[in-house]
$ cat my_file.txt   # compact mmCIF, C-alpha atoms
# COMPACT_ATOMS: atom_id res chain seq x y z
CA MET A 298 128.58 42.51 115.61
CA LYS A 299 128.89 39.04 116.89
CA GLY A 300 127.17 36.43 114.87
CA GLU A 301 127.16 38.54 111.70
CA ARG A 302 128.02 36.70 108.53
CA LYS A 303 130.80 38.31 106.58
CA LEU A 304 131.48 38.03 102.90
CA ARG A 305 134.77 36.54 101.90
CA LEU A 306 136.52 35.69 98.71
CA VAL A 307 135.94 32.21 97.37
CA SER A 308 138.47 30.74 95.03
CA GLY A 309 137.23 30.02 91.51
CA GLY A 310 138.03 26.37 91.52
CA LYS A 311 141.29 26.76 89.63
CA GLY A 312 143.29 25.43 92.49
CA PRO A 313 142.71 23.84 95.78
CA ALA A 314 140.89 26.01 98.32
CA PRO A 315 143.28 27.34 100.94
CA ASP A 316 142.75 25.79 104.23
CA LEU A 317 141.89 28.84 106.34
CA PRO A 318 140.09 29.07 109.61
CA GLU A 319 136.56 30.45 109.64
CA GLY A 320 136.45 34.25 109.27
CA GLU A 321 139.93 34.60 107.84
CA GLU A 322 140.65 35.71 104.30
CA PRO A 323 143.59 34.86 102.14
CA PRO A 324 146.12 37.63 101.65
CA PHE A 325 145.71 39.86 98.60
CA THR A 326 147.60 38.81 95.56
CA ASP A 327 149.88 41.16 93.70
CA GLU A 328 147.37 41.36 90.82
CA GLU A 329 144.55 42.39 93.15
CA LEU A 330 146.72 45.01 94.76
CA ALA A 331 147.75 46.38 91.37
CA ALA A 332 144.12 46.52 90.18
CA ALA A 333 143.06 48.29 93.38
CA ALA A 334 145.86 50.86 92.97
CA ALA A 335 144.86 51.47 89.36
CA ARG A 336 141.25 51.91 90.37
CA ARG A 337 142.18 54.33 93.14
CA ASP A 338 144.27 56.41 90.74
CA HIS A 339 141.46 56.42 88.23
CA LEU A 340 138.98 57.64 90.81
CA GLY A 341 141.47 60.24 91.96
CA GLU A 342 141.60 61.69 88.46
CA GLY A 343 137.93 62.55 88.72
CA VAL A 344 137.24 61.13 85.27
CA ASP A 345 134.42 58.85 86.31
CA PRO A 346 131.34 61.07 86.73
CA LEU A 347 129.61 58.62 89.07
CA ALA A 348 132.62 58.36 91.31
CA GLY A 349 132.97 62.12 91.28
CA ALA A 350 129.33 62.58 92.22
CA LEU A 351 129.59 60.03 95.04
CA ARG A 352 132.73 61.63 96.34
CA ALA A 353 131.20 65.11 96.21
CA ALA A 354 128.10 63.88 98.01
CA TYR A 355 130.07 62.03 100.67
CA ALA A 356 132.77 64.58 101.28
CA PRO A 357 132.00 67.84 99.55
CA ALA A 358 135.05 69.96 98.99
CA PRO A 359 134.97 73.73 99.07
CA LEU A 360 134.68 75.42 95.73
CA GLY A 361 137.90 76.81 94.40
CA PRO A 362 138.07 80.53 93.62
CA VAL A 363 138.21 79.82 89.86
CA ASP A 364 135.08 77.70 89.94
CA LEU A 365 133.31 80.17 92.19
CA ASP A 366 134.14 83.05 89.87
CA ALA A 367 132.95 81.05 86.88
CA ILE A 368 129.64 80.19 88.51
CA VAL A 369 129.00 83.75 89.63
CA THR A 370 129.99 85.16 86.25
CA ARG A 371 127.64 82.76 84.50
CA ALA A 372 124.83 83.61 86.88
CA LEU A 373 125.33 87.25 85.90
CA GLY A 374 124.84 86.39 82.26
CA ASP A 375 128.30 85.73 80.85
CA GLU A 376 128.05 82.20 79.45
CA SER A 377 131.69 82.08 78.40
CA ALA A 378 132.94 81.43 81.94
CA ALA A 379 133.87 77.79 82.62
CA THR A 380 134.74 75.82 85.68
CA ARG A 381 137.91 73.81 86.01
CA ALA A 382 136.01 70.56 85.47
CA GLU A 383 134.46 71.91 82.30
CA ILE A 384 137.79 73.15 81.02
CA ALA A 385 139.31 69.76 81.73
CA ALA A 386 136.43 67.98 79.98
CA ALA A 387 136.80 70.26 76.98
CA GLU A 388 140.49 69.58 76.85
CA ARG A 389 139.86 65.82 77.01
CA LEU A 390 137.34 66.09 74.18
CA ARG A 391 139.77 68.12 72.10
CA ALA A 392 142.46 65.53 72.68
CA GLU A 393 140.10 62.73 71.71
CA LEU A 394 139.01 64.53 68.55
CA ASP A 395 142.63 65.10 67.60
CA GLY A 396 143.25 61.40 67.99
CA GLU A 397 145.42 61.82 71.04
CA GLY A 398 143.13 59.61 73.08
CA GLY A 399 143.82 56.60 70.89
CA GLU A 400 141.17 53.91 70.87
CA SER A 401 139.77 55.00 74.23
CA ALA A 402 137.80 57.90 72.77
CA GLY A 403 134.44 58.40 74.46
CA PRO A 404 131.05 58.19 72.72
CA ASP A 405 130.82 61.98 72.39
CA ALA A 406 134.11 62.08 70.63
CA GLU A 407 133.03 59.21 68.35
CA ILE A 408 129.88 61.05 67.32
CA LEU A 409 131.69 64.33 66.74
CA ARG A 410 134.40 62.58 64.77
CA ALA A 411 131.78 60.84 62.63
CA MET A 412 130.09 64.19 61.99
CA ARG A 413 133.37 65.77 61.04
CA LEU A 414 134.16 62.93 58.65
CA ALA A 415 130.70 63.17 57.15
CA ALA A 416 131.11 66.90 56.57
CA SER A 417 134.64 66.65 55.18
CA PRO A 418 135.53 63.03 54.47
CA THR A 419 139.15 62.06 54.26
CA ASP A 420 140.66 59.60 51.82
CA LEU A 421 140.87 55.97 52.84
CA ALA A 422 144.35 54.64 53.33
CA PRO A 423 145.31 52.50 50.30
CA GLU A 424 145.85 49.44 52.48
CA ARG A 425 142.42 49.83 54.10
CA HIS A 426 140.81 50.38 50.72
CA GLU A 427 142.48 47.27 49.35
CA ALA A 428 141.36 45.20 52.34
CA ILE A 429 137.72 46.31 52.01
CA LEU A 430 137.66 45.54 48.30
CA GLU A 431 139.24 42.17 48.79
CA ALA A 432 136.78 41.21 51.51
CA ALA A 433 133.82 42.36 49.42
CA LEU A 434 134.93 40.44 46.35
CA ARG A 435 135.88 37.31 48.20
CA ALA A 436 132.54 36.76 49.98
CA PRO A 437 130.21 36.31 46.96
CA LEU A 438 132.83 34.25 45.15
CA ARG A 439 133.00 31.87 48.09
CA ARG A 440 129.22 31.63 48.19
CA ARG A 441 129.03 30.99 44.46
CA ILE A 442 131.63 28.27 44.53
CA SER A 443 130.02 26.47 47.42
CA GLY A 444 126.48 26.78 46.07
CA SER A 445 126.96 26.32 42.35
CA VAL A 446 127.36 22.57 42.37
CA ARG A 447 124.47 22.00 44.71
CA ARG A 448 122.02 24.20 42.75
CA LEU A 449 123.11 23.33 39.24
CA SER A 450 120.29 20.95 38.45
CA PRO A 451 117.23 23.00 39.56
CA VAL A 452 118.60 26.23 38.14
CA THR A 453 119.31 24.61 34.79
CA MET A 454 115.84 23.17 34.71
CA ALA A 455 114.25 26.46 35.60
CA ALA A 456 116.29 28.35 33.06
CA LEU A 457 115.41 25.91 30.29
CA THR A 458 111.73 26.05 31.20
CA GLY A 459 111.82 29.83 31.34
CA VAL A 460 113.45 30.07 27.94
CA ALA A 461 110.85 27.67 26.56
CA ALA A 462 108.02 29.77 28.06
CA LEU A 463 109.42 33.01 26.70
CA ALA A 464 109.89 31.42 23.28
CA ALA A 465 106.31 30.17 23.36
CA GLY A 466 105.08 33.65 24.26
CA LEU A 467 107.10 35.22 21.48
CA ALA A 468 105.84 32.63 19.01
CA LEU A 469 102.26 33.31 20.04
CA PHE A 470 102.71 37.04 19.60
CA VAL A 471 104.65 36.94 16.35
CA GLY A 472 102.69 34.09 14.87
CA ARG A 473 99.29 35.57 15.70
CA PRO A 474 97.73 36.79 12.49
CA THR A 475 97.07 40.49 12.67
CA ALA A 476 93.71 41.70 11.58
CA PRO A 477 94.29 45.07 10.00
CA ALA A 478 90.62 45.36 9.24
CA ASP A 479 89.84 45.20 12.97
CA ARG A 480 92.09 48.07 13.92
CA PRO A 481 90.29 50.95 12.23
CA ALA A 482 87.08 49.48 13.57
CA ALA A 483 88.50 49.55 17.09
CA THR A 484 89.62 53.15 16.63
CA ALA A 485 86.36 54.15 15.07
CA ALA A 486 84.49 52.62 18.00
CA LEU A 487 86.10 55.15 20.33
CA VAL A 488 84.47 58.53 20.62
CA ARG A 489 86.87 61.24 19.55
CA ALA A 490 87.37 64.60 21.13
CA ARG A 491 85.67 67.28 19.08
CA SER A 492 84.26 70.77 19.22
CA ALA A 493 81.56 71.28 21.81
CA ASP A 494 79.72 73.66 19.52
CA GLY A 495 77.37 70.89 18.50
CA LEU A 496 76.03 70.71 22.05
CA PHE A 497 74.43 74.11 21.70
CA ASP A 498 71.60 75.31 19.53
CA ALA A 499 73.11 76.91 16.47
CA ALA A 500 70.26 79.39 16.23
CA THR A 501 70.69 80.61 19.79
CA PRO A 502 73.93 82.44 20.48
CA PHE A 503 75.37 82.50 23.97
CA PRO A 504 73.90 85.19 26.22
CA ARG A 505 75.98 88.31 26.47
CA SER A 506 76.90 87.59 30.07
CA GLY A 507 76.47 84.63 32.39
CA GLN A 508 75.55 81.01 31.73
CA GLU A 509 79.22 80.00 31.53
CA SER A 510 78.73 77.42 34.27
CA ALA A 511 75.70 76.00 32.51
CA ARG A 512 77.77 75.62 29.33
CA ILE A 513 80.66 73.86 31.05
CA ASP A 514 78.13 71.65 32.86
CA ARG A 515 76.69 70.55 29.56
CA ILE A 516 80.11 69.94 27.98
CA ALA A 517 81.41 67.96 30.94
CA SER A 518 78.26 65.83 31.15
CA ALA A 519 78.36 65.02 27.45
CA ARG A 520 82.03 64.09 27.51
CA ALA A 521 81.54 61.98 30.64
CA ALA A 522 79.04 59.92 28.67
CA ASP A 523 81.55 59.70 25.81
CA LEU A 524 84.24 58.49 28.16
CA ARG A 525 81.94 55.77 29.52
CA GLN A 526 81.28 54.65 25.97
CA ASN A 527 85.00 54.56 25.22
CA ARG A 528 85.63 52.45 28.28
CA PHE A 529 82.99 49.95 27.28
CA ALA A 530 84.45 49.85 23.77
CA ALA A 531 87.93 49.22 25.16
CA TRP A 532 86.56 46.36 27.26
CA GLY A 533 84.90 44.90 24.19
CA VAL A 534 81.35 45.56 25.44
CA ARG A 535 78.91 46.42 22.66
CA MET B 143 115.78 15.25 46.08
CA SER B 144 112.10 16.07 46.50
CA ARG B 145 113.01 19.50 47.87
CA ARG B 146 115.12 20.24 44.83
CA PHE B 147 112.37 19.07 42.58
CA ALA B 148 109.85 21.31 44.35
CA LEU B 149 112.17 24.29 44.00
CA ALA B 150 112.70 23.59 40.32
CA ALA B 151 108.98 23.17 39.78
CA ALA B 152 108.27 26.47 41.52
CA ILE B 153 110.80 28.36 39.43
CA ALA B 154 109.52 26.70 36.26
CA SER B 155 105.93 27.64 37.13
CA ALA B 156 106.99 31.22 37.75
CA SER B 157 108.73 31.28 34.39
CA VAL B 158 105.66 29.93 32.61
CA ILE B 159 103.47 32.54 34.30
CA GLY B 160 106.02 35.20 33.34
CA GLY B 161 105.88 34.04 29.75
CA LEU B 162 102.10 34.19 29.71
CA LEU B 163 102.19 37.66 31.23
CA LEU B 164 104.62 38.72 28.53
CA VAL B 165 102.20 37.51 25.90
CA GLN B 166 99.37 39.41 27.57
CA CYS B 167 101.45 42.57 27.87
CA THR B 168 102.57 42.50 24.27
CA ARG B 169 99.00 41.94 23.15
CA SER B 170 97.66 44.83 25.21
CA ALA B 171 100.50 47.03 24.02
CA ALA B 172 99.53 46.16 20.47
CA ALA B 173 95.90 46.91 21.24
CA ASP B 174 96.78 50.27 22.78
CA SER B 175 98.88 51.25 19.84
CA ALA B 176 96.00 50.29 17.60
CA CYS B 177 93.79 52.79 19.45
CA ALA B 178 96.32 55.55 19.07
CA CYS B 179 97.58 54.62 15.63
CA ALA B 180 95.68 57.24 13.78
CA GLY B 181 96.92 59.98 16.14
CA ALA B 182 93.30 60.90 16.82
CA THR B 183 92.47 62.41 20.19
CA VAL B 184 89.80 60.38 21.87
CA VAL B 185 87.74 61.34 24.87
CA ASP B 186 89.92 60.17 27.74
CA PRO B 187 90.17 60.59 31.51
CA THR B 188 92.61 63.48 31.15
CA LEU B 189 90.07 65.48 29.17
CA LEU B 190 87.37 64.67 31.71
CA ALA B 191 89.63 65.70 34.56
CA PHE B 192 90.27 69.04 32.91
CA LEU B 193 86.58 69.61 32.24
CA SER B 194 85.76 68.79 35.85
CA LYS B 195 88.38 71.25 37.02
CA ALA B 196 86.97 73.95 34.75
CA ARG B 197 83.43 73.19 35.89
CA ALA B 198 84.41 73.52 39.56
CA ALA B 199 86.25 76.77 38.85
CA HIS B 200 83.25 78.31 37.11
CA HIS B 201 80.86 77.32 39.88
CA ARG B 202 83.28 78.73 42.41
CA ALA B 203 83.39 81.95 40.44
CA ASP B 204 79.55 82.01 40.44
CA LEU B 205 79.43 81.89 44.21
CA THR B 206 82.07 84.55 44.75
CA GLU B 207 80.45 86.75 42.09
CA GLU B 208 77.16 86.45 43.96
CA ASP B 209 78.95 87.83 47.00
CA GLY B 210 80.19 90.73 44.91
CA ASP B 211 83.83 89.67 45.16
CA LEU B 212 84.92 89.88 41.53
CA ASP B 213 88.62 89.65 42.37
CA LEU B 214 88.03 86.29 44.00
CA ALA B 215 86.00 85.17 41.01
CA ILE B 216 88.90 86.08 38.72
CA ALA B 217 91.30 84.19 40.98
CA ALA B 218 89.03 81.16 40.82
CA LEU B 219 89.06 81.16 37.01
CA GLU B 220 92.76 81.82 36.42
CA PRO B 221 93.81 78.16 36.91
CA VAL B 222 91.61 77.14 33.97
CA VAL B 223 93.57 79.28 31.53
CA THR B 224 96.95 78.42 33.03
CA PRO B 225 98.81 75.69 31.11
CA PRO B 226 99.07 72.78 30.85
CA ARG B 227 95.76 71.79 29.34
CA PRO B 228 94.64 69.05 26.94
CA ALA B 229 94.75 69.73 23.22
CA ALA B 230 91.23 68.39 22.69
CA PRO B 231 89.00 70.89 20.81
CA GLU B 232 86.41 71.08 23.58
CA ALA B 233 89.09 71.78 26.17
CA VAL B 234 90.42 74.60 24.02
CA GLU B 235 86.89 75.98 23.67
CA VAL B 236 86.34 75.85 27.41
CA VAL B 237 89.55 77.82 27.92
CA ALA B 238 88.43 80.36 25.32
CA ASP B 239 85.07 80.69 27.06
CA THR B 240 86.87 81.18 30.37
CA TYR B 241 88.95 83.96 28.82
CA ALA B 242 85.69 85.60 27.78
CA ARG B 243 84.38 85.45 31.34
CA LEU B 244 87.65 86.77 32.73
CA ALA B 245 87.48 89.69 30.32
CA ASP B 246 83.93 90.44 31.41
CA LEU B 247 84.90 90.41 35.09
CA LYS B 248 88.06 92.45 34.64
CA SER B 249 86.32 95.10 32.57
CA ASP B 250 83.61 95.28 35.22
CA LEU B 251 86.38 96.26 37.62
CA GLY B 252 87.65 98.88 35.19
CA ASN B 253 90.70 96.87 34.12
CA PHE B 254 90.14 97.32 30.39
CA ASP B 255 93.60 96.50 29.02
CA PRO B 256 93.91 93.11 30.80
CA ALA B 257 90.35 92.38 29.74
CA LEU B 258 91.16 93.04 26.08
CA ARG B 259 94.27 90.88 26.36
CA ASP B 260 92.09 88.04 27.62
CA VAL B 261 89.72 88.50 24.69
CA ASP B 262 92.62 88.35 22.23
CA ALA B 263 93.98 85.20 23.91
CA GLY B 264 90.54 83.59 23.65
CA LEU B 265 90.17 84.56 19.99
CA LEU B 266 93.51 82.93 19.21
CA LEU B 267 92.17 79.67 20.66
CA ALA B 268 88.67 79.82 19.18
CA SER B 269 89.75 80.44 15.63
CA ARG B 270 86.90 78.56 13.93
CA PRO B 271 83.46 80.16 13.48
CA THR B 272 81.68 78.82 16.54
CA HIS B 273 79.46 80.22 19.23
CA PHE B 274 82.56 80.48 21.39
CA ARG B 275 84.29 82.80 18.89
CA GLY B 276 81.13 84.80 18.42
CA HIS B 277 80.76 85.15 22.18
CA LEU B 278 84.32 86.40 22.49
CA PHE B 279 83.64 89.15 19.95
CA GLU B 280 80.51 90.03 21.86
CA VAL B 281 82.44 90.28 25.13
CA LYS B 282 85.03 92.40 23.34
CA GLY B 283 82.20 94.72 22.39
CA VAL B 284 81.02 94.80 26.01
CA VAL B 285 84.52 95.61 27.27
CA LEU B 286 84.94 98.41 24.75
CA GLU B 287 81.49 99.75 25.53
CA ARG B 288 82.40 99.97 29.20
CA ARG B 289 85.63 101.71 28.35
CA TYR B 290 83.77 104.12 26.12
CA ARG B 291 81.37 105.00 28.92
CA ALA B 292 84.26 105.47 31.36
CA LEU B 293 86.07 107.79 28.98
CA ASP B 294 82.90 109.68 28.21
CA ALA B 295 82.22 110.17 31.91
CA ALA B 296 85.75 111.45 32.35
CA GLY B 297 85.18 114.02 29.65
CA GLU B 298 87.60 112.49 27.15
CA THR B 299 85.21 112.83 24.28
CA ALA B 300 87.56 112.14 21.37
CA ALA B 301 88.99 108.98 22.89
CA ALA B 302 85.51 107.87 23.87
CA ALA B 303 84.30 108.22 20.31
CA ALA B 304 87.17 106.14 18.98
CA VAL B 305 86.53 103.38 21.50
CA LYS B 306 82.83 103.48 20.74
CA ALA B 307 83.61 102.84 17.07
CA GLN B 308 85.74 99.85 18.06
CA ALA B 309 82.90 98.52 20.21
CA LEU B 310 80.48 98.77 17.31
CA GLU B 311 82.96 96.91 15.10
CA ALA B 312 83.33 94.14 17.70
CA PHE B 313 79.56 93.68 17.98
CA LYS B 314 79.35 93.51 14.19
CA SER B 315 82.04 90.80 14.16
CA ALA B 316 80.02 88.88 16.73
CA ILE B 317 76.93 89.05 14.54
CA ASP B 318 78.94 87.92 11.49
CA VAL B 319 80.31 84.90 13.30
CA GLN B 320 76.89 83.94 14.64
CA ASP B 321 75.44 84.24 11.15
CA GLN B 322 78.12 81.95 9.83
CA VAL B 323 77.40 79.42 12.60
CA ILE B 324 73.73 79.43 11.69
CA ASP B 325 74.50 79.11 7.97
CA ASP B 326 76.83 76.18 8.61
CA ALA B 327 74.19 74.49 10.76
CA LEU B 328 71.52 74.96 8.10
CA ARG B 329 73.83 73.64 5.37
CA GLY B 330 74.62 70.61 7.50
CA ALA B 331 70.92 69.96 8.06
CA GLY B 332 70.35 69.74 4.32
CA PRO B 333 67.44 71.05 2.20
$ encode --input "my_file.txt" --output "structure tokens"
Amino acid sequence: MKGERKLRLVSGGKGPAPDLPEGEEPPFTDEELAAAAARRDHLGEGVDPLAGALRAAYAPAPLGPVDLDAIVTRALGDESAATRAEIAAAERLRAELDGEGGESAGPDAEILRAMRLAASPTDLAPERHEAILEAALRAPLRRRISGSVRRLSPVTMAALTGVAALAAGLALFVGRPTAPADRPAATAALVRARSADGLFDAATPFPRSGQESARIDRIASARAADLRQNRFAAWGVR
Amino acid sequence: MSRRFALAAAIASASVIGGLLLVQCTRSAAADSACACAGATVVDPTLLAFLSKARAAHHRADLTEEDGDLDLAIAALEPVVTPPRPAAPEAVEVVADTYARLADLKSDLGNFDPALRDVDAGLLLASRPTHFRGHLFEVKGVVLERRYRALDAAGETAAAAAVKAQALEAFKSAIDVQDQVIDDALRGAGP
């Protein structure tokens, strides 16, 4: 081990570096000791899944009779059996959903709580409601006040120009002399829908059976030509 | 300053274009209303779409009829007589003609009552003396003739005779309508 370089704590520059000989470390502070104790307790609770997995891999403990029974029961088909860890996790989730976990609720609990609220929403507290409304109303007002002076001139100009353009359009439409004589001509130029009887020879009645497709072919072709004519008329093509 | 001016100019240009578009829209609206002012039905894309649908249905029925599947032919034609449909006279006539074909097919399968109902529905639509109305009476005669033969084959002589009389009456109505169509055409052609 001789000659190996060891890691050691380096002070963050807040104070003068302690004058220690090479290889020596400063004693742990009370804060560090407290944090280490808290971490140890946390790991001992088995809450952290990674820590639990590492611990189980490093020093596997024998299965308790309850867990063993649960596993065997489940293997035999009864899915209702649960291990101690699962029961504890379920209890934690229940506590979080009931709000007993405070702000430290996990992501699962957050999602489930959101789903529950979506399915049966609760009323907002009056104070919260008031705060949301106030914030929503204050933001645009602030923006308007700050921007109104700066944008007054271009907006006024644009508005005046827009009004002038709309007035000009209205004047053009209202003031345009209507040509009532043109309108019947335009209508008359369009081919009207009418009986298809004229497409067939009056002296030749329809055959007793068959030829229906030939008849509809003739009607559709004739009206397709009529529609083309109507389109040209609408475009002003003569 | 120049940025503000550019912004103002852009908004003003947009307003002018908007004004011009308004003029164009109001003019086209006026033109459209002029086309429809008389309430006349003109040949329009809706009518063509319906005719195309009917044409496809009849050709489909042709193919299935060739294969001997009359049920499929009936199923192909049913959408043509199912509302909605345009009110244009030729569309109504196409529906009436389709009812006639449906009646022919159904009676061929021995379904005489539905066939006669189709004929009646077609006659309600083709109320003017046209080839379509005449054809419907003719198909009615065909349906009744088939029923008569079925009853006769079953030994129901009295009922068969009654139906035969109805068939003769239907064929006579068909001839009357066709005569009227020819007379109208000759009168329209002048001396």
$ closest_residue --input "my_file.txt" --among "A:Leu394, A:Ala493, A:Ala500, A:Ala530" --to "Leu193 of chain B" --atoms "only C-alpha atoms"
A:Ala493
$ interface_residues --input "my_file.txt" --of "chain A" --to "chain B" --cutoff "6 Å" --atoms "all atoms listed in the file" --output "ChimeraX atom specification"
/A:451,455,458-459,462-463,466,480,484,488-493,499-500,510,513,517,524
$ residues_around --input "my_file.txt" --residues "Asp395 of chain A" --least-positions-apart "4" --cutoff "10 Å" --atoms "only C-alpha atoms" --output "PyMOL selection string"
chain A and resi 389-391+399+406+410
$ atom_distance --input "my_file.txt" --atom1 "atom CA of Gly533 of chain A" --atom2 "atom CA of Arg227 of chain B"
29.5 Å
$ residues_around --input "my_file.txt" --residues "segment 377-383 of chain A" --least-positions-apart "5" --cutoff "8 Å" --atoms "only C-alpha atoms" --output "JSON, numbers by chain"
{"A": [363, 364, 365, 367, 368, 370, 371]}
